$ cat coords_28.txt   # compact mmCIF, C-alpha atoms
# COMPACT_ATOMS: atom_id res chain seq x y z
CA MET A 1 -40.30 -11.03 -27.25
CA THR A 2 -39.47 -7.94 -25.22
CA ALA A 3 -42.09 -5.53 -26.49
CA LYS A 4 -45.74 -5.85 -27.43
CA ARG A 5 -46.81 -4.10 -30.61
CA GLU A 6 -49.30 -1.33 -30.38
CA THR A 7 -52.72 -2.74 -31.13
CA SER A 8 -56.08 -1.05 -30.88
CA GLY A 9 -54.44 2.21 -29.80
CA GLU A 10 -52.80 0.84 -26.66
CA PRO A 11 -49.20 1.93 -26.01
CA GLU A 12 -46.37 -0.51 -26.54
CA ILE A 13 -45.02 -2.07 -23.32
CA LEU A 14 -41.68 -3.60 -22.44
CA GLU A 15 -41.69 -7.07 -20.91
CA LEU A 16 -38.82 -6.48 -18.52
CA GLU A 17 -38.39 -10.17 -17.63
CA SER A 18 -37.50 -11.01 -21.25
CA PHE A 19 -35.52 -7.83 -22.00
CA LEU A 20 -31.89 -8.95 -22.57
CA PRO A 21 -30.14 -6.12 -20.65
CA TYR A 22 -32.37 -6.77 -17.64
CA ARG A 23 -31.84 -10.53 -17.84
CA LEU A 24 -28.06 -10.09 -18.04
CA TYR A 25 -28.10 -7.71 -15.06
CA ARG A 26 -30.24 -10.08 -12.96
CA LEU A 27 -28.08 -13.07 -13.85
CA ALA A 28 -24.83 -11.24 -13.12
CA ASP A 29 -26.23 -10.03 -9.81
CA ALA A 30 -27.41 -13.53 -8.83
CA VAL A 31 -24.04 -15.10 -9.69
CA SER A 32 -22.19 -12.32 -7.86
CA ARG A 33 -24.38 -12.71 -4.76
CA GLU A 34 -23.84 -16.48 -4.76
CA PHE A 35 -20.07 -16.10 -5.07
CA SER A 36 -20.04 -13.37 -2.42
CA ARG A 37 -21.02 -15.95 0.18
CA ILE A 38 -17.60 -17.55 -0.24
CA TYR A 39 -15.46 -14.46 0.33
CA LYS A 40 -17.85 -13.02 2.89
CA ASP A 41 -17.85 -16.22 4.96
CA ARG A 42 -14.11 -16.68 4.57
CA HIS A 43 -12.88 -13.13 5.16
CA GLY A 44 -15.90 -10.88 5.78
CA LEU A 45 -15.28 -9.02 2.53
CA THR A 46 -17.80 -6.91 0.64
CA ARG A 47 -18.09 -7.14 -3.16
CA PRO A 48 -15.98 -4.00 -3.72
CA GLU A 49 -13.34 -5.26 -1.27
CA TRP A 50 -13.20 -8.62 -3.05
CA ARG A 51 -12.94 -6.97 -6.47
CA THR A 52 -10.14 -4.74 -5.19
CA LEU A 53 -8.30 -7.68 -3.65
CA ALA A 54 -8.74 -9.72 -6.84
CA GLY A 55 -7.62 -6.88 -9.11
CA LEU A 56 -4.47 -6.25 -7.11
CA GLY A 57 -3.82 -9.98 -6.80
CA GLN A 58 -4.05 -10.36 -10.56
CA HIS A 59 -2.21 -7.23 -11.65
CA GLY A 60 0.16 -6.47 -8.77
CA THR A 61 0.38 -2.70 -8.48
CA MET A 62 -2.54 -0.55 -9.66
CA THR A 63 -3.91 2.93 -9.10
CA ALA A 64 -7.40 3.42 -7.69
CA THR A 65 -8.48 4.75 -11.08
CA ALA A 66 -7.22 1.63 -12.84
CA LEU A 67 -8.97 -0.56 -10.25
CA GLY A 68 -12.22 1.28 -10.89
CA GLU A 69 -11.93 0.82 -14.63
CA GLN A 70 -10.93 -2.84 -14.36
CA SER A 71 -13.73 -3.71 -11.93
CA ALA A 72 -16.41 -1.30 -13.23
CA MET A 73 -16.75 0.25 -9.76
CA HIS A 74 -17.43 3.89 -8.96
CA LYS A 75 -14.48 5.73 -7.42
CA THR A 76 -16.21 6.05 -4.03
CA LYS A 77 -16.63 2.27 -3.81
CA VAL A 78 -12.99 1.78 -4.76
CA SER A 79 -11.93 4.36 -2.18
CA ARG A 80 -13.91 2.66 0.61
CA ALA A 81 -12.62 -0.78 -0.37
CA VAL A 82 -9.02 0.47 -0.45
CA ALA A 83 -9.44 2.11 2.96
CA GLU A 84 -10.84 -1.11 4.47
CA LEU A 85 -8.13 -3.33 2.97
CA GLU A 86 -5.53 -0.86 4.20
CA ARG A 87 -7.11 -0.94 7.67
CA ARG A 88 -6.75 -4.73 7.61
CA ARG A 89 -3.14 -4.24 6.53
CA TRP A 90 -3.84 -6.14 3.31
CA LEU A 91 -2.66 -3.36 1.02
CA THR A 92 -0.27 -0.45 1.03
CA ARG A 93 -0.21 2.85 -0.85
CA MET A 94 2.88 4.29 -2.47
CA PRO A 95 2.82 7.87 -3.82
CA ASP A 96 3.80 8.26 -7.46
CA GLU A 97 7.28 9.77 -7.83
CA ASN A 98 6.15 12.18 -10.57
CA ASP A 99 2.63 13.02 -9.44
CA ARG A 100 1.89 13.06 -5.70
CA ARG A 101 -1.87 12.99 -6.39
CA ILE A 102 -1.52 9.41 -7.67
CA GLU A 103 -1.02 6.45 -5.36
CA HIS A 104 0.09 3.01 -6.42
CA LEU A 105 -1.71 0.29 -4.49
CA MET A 106 -0.28 -3.16 -3.81
CA LEU A 107 -1.12 -6.10 -1.61
CA THR A 108 0.91 -6.79 1.51
CA GLY A 109 2.00 -10.32 2.38
CA ALA A 110 -1.23 -10.82 4.34
CA GLY A 111 -3.34 -9.51 1.45
CA LEU A 112 -1.51 -11.70 -1.03
CA ALA A 113 -2.03 -14.73 1.24
CA ALA A 114 -5.78 -14.01 1.39
CA TYR A 115 -5.89 -13.61 -2.39
CA ARG A 116 -4.00 -16.86 -2.96
CA GLU A 117 -6.38 -18.65 -0.61
CA MET A 118 -9.35 -17.34 -2.58
CA VAL A 119 -8.10 -18.19 -6.08
CA PRO A 120 -8.81 -21.94 -5.93
CA LEU A 121 -12.17 -21.24 -4.27
CA ALA A 122 -13.11 -18.83 -7.06
CA LYS A 123 -12.04 -21.31 -9.73
CA ALA A 124 -13.99 -24.11 -8.05
CA PHE A 125 -17.08 -21.86 -7.90
CA GLU A 126 -16.74 -21.13 -11.61
CA GLN A 127 -16.36 -24.83 -12.42
CA GLU A 128 -19.45 -25.73 -10.36
CA LEU A 129 -21.41 -23.04 -12.15
CA LEU A 130 -20.28 -24.20 -15.59
CA ALA A 131 -20.95 -27.84 -14.67
CA LYS A 132 -24.67 -26.95 -14.57
CA LEU A 133 -24.48 -26.44 -18.35
CA SER A 134 -23.93 -28.92 -21.18
CA ALA A 135 -20.75 -28.64 -23.25
CA GLY A 136 -22.74 -26.95 -26.02
CA GLU A 137 -24.29 -24.47 -23.60
CA ARG A 138 -20.85 -23.63 -22.16
CA THR A 139 -19.55 -22.97 -25.67
CA ALA A 140 -22.62 -20.93 -26.56
CA ILE A 141 -22.45 -18.72 -23.46
CA THR A 142 -18.71 -18.17 -23.84
CA ASN A 143 -19.07 -17.29 -27.51
CA GLY A 144 -22.18 -15.18 -26.93
CA LEU A 145 -20.62 -13.15 -24.12
CA GLY A 146 -17.46 -12.65 -26.18
CA ALA A 147 -19.46 -11.49 -29.19
CA LEU A 148 -21.48 -9.00 -27.09
CA GLN A 149 -18.31 -7.68 -25.44
CA GLU A 150 -16.66 -7.23 -28.84
CA ALA A 151 -19.75 -5.58 -30.31
CA LEU A 152 -19.85 -3.12 -27.41
CA GLY A 153 -16.08 -2.54 -27.50
CA LYS A 154 -15.61 -3.99 -23.99
CA ASP A 155 -12.76 -6.36 -23.27
$ encode --input "coords_28.txt" --output "structure tokens"
Amino acid sequence: MTAKRETSGEPEILELESFLPYRLYRLADAVSREFSRIYKDRHGLTRPEWRTLAGLGQHGTMTATALGEQSAMHKTKVSRAVAELERRRWLTRMPDENDRRIEHLMLTGAGLAAYREMVPLAKAFEQELLAKLSAGERTAITNGLGALQEALGKD
């Protein structure tokens, strides 16, 4: 139960540790921190840099705005990640032919190689995480997350 009912005139309180949004945030953060050890140890990447690398590796060419939307990162984090990956020569920017304010970002050969190296490591991490759950628990979490995403209109 996430809230205690008002009794004897005392105000209702929220038990943060059992509040679903807080639990989801803490779990997502813990999983993200655990996975970050892999890309940080391998390539010295930050979370925003990894998300940028992964987004471009998955989608090919993207704008910074699209990367921010896809990865749920603020534009300043995207901008810093793009600048660092460009400094490493892992991505390039190409101005849009119709609107010079827009840049199309894409991985270079070195960036694509780093991404391709990380894909099997990411998949192995996911499998190890899921292996901690029973088949029923895996189905339940997959279905539950999907239902929440659909209910909130998030893909």
$ residues_around --input "coords_28.txt" --residues "segment 73-85 of chain A" --least-positions-apart "5" --cutoff "6 Å" --atoms "all atoms listed in the file" --output "CSV table (one decimal) with C-alpha atoms, keeping the file's coordinate frame"
chain,number,residue,atom,x,y,z
A,48,PRO,CA,-16.0,-4.0,-3.7
A,49,GLU,CA,-13.3,-5.3,-1.3
A,68,GLY,CA,-12.2,1.3,-10.9
A,90,TRP,CA,-3.8,-6.1,3.3
A,91,LEU,CA,-2.7,-3.4,1.0
$ residues_around --input "coords_28.txt" --residues "Met94 of chain A" --least-positions-apart "4" --cutoff "8 Å" --atoms "all atoms listed in the file" --output "ChimeraX atom specification"
/A:103-105
$ closest_residue --input "coords_28.txt" --among "A:Leu27, A:Leu107, A:Ala147, A:Ala122" --to "His59 of chain A" --atoms "all atoms listed in the file"
A:Leu107
$ residues_around --input "coords_28.txt" --residues "Ile102 of chain A" --least-positions-apart "3" --cutoff "10 Å" --atoms "all atoms listed in the file" --output "PyMOL selection string"
chain A and resi 63-65+93-99+105
$ closest_residue --input "coords_28.txt" --among "A:Leu129, A:Leu16, A:Ala114, A:Leu121" --to "Val31 of chain A" --atoms "all atoms listed in the file"
A:Leu129
$ closest_residue --input "coords_28.txt" --among "A:Leu67, A:Leu133, A:Met118, A:Leu14" --to "Arg42 of chain A" --atoms "only C-alpha atoms"
A:Met118
$ closest_residue --input "coords_28.txt" --among "A:Gln70, A:Glu126, A:Glu137, A:Glu86" --to "Glu34 of chain A" --atoms "all atoms listed in the file"
A:Glu126
$ closest_residue --input "coords_28.txt" --among "A:Ala113, A:Ala72, A:Met106, A:Ile141" --to "Gly60 of chain A" --atoms "all atoms listed in the file"
A:Met106
$ axis_aligned_box --input "coords_28.txt" --around "segment 83-88 of chain A" --padding-each-side "8 Å" --output "lines of an AutoDock Vina configuration file"
center_x = -8.2
center_y = -1.3
center_z = 5.3
size_x = 21.3
size_y = 22.8
size_z = 20.7
$ atom_distance --input "coords_28.txt" --atom1 "atom CA of Glu69 of chain A" --atom2 "atom CA of Glu150 of chain A"
17.0 Å
$ atom_distance --input "coords_28.txt" --atom1 "atom CA of Pro120 of chain A" --atom2 "atom CA of Lys154 of chain A"
26.4 Å
$ atom_distance --input "coords_28.txt" --atom1 "atom CA of Ala28 of chain A" --atom2 "atom CA of Thr142 of chain A"
14.2 Å
$ closest_residue --input "coords_28.txt" --among "A:Arg87, A:Trp50, A:Glu17, A:Gln149" --to "Ser71 of chain A" --atoms "all atoms listed in the file"
A:Trp50
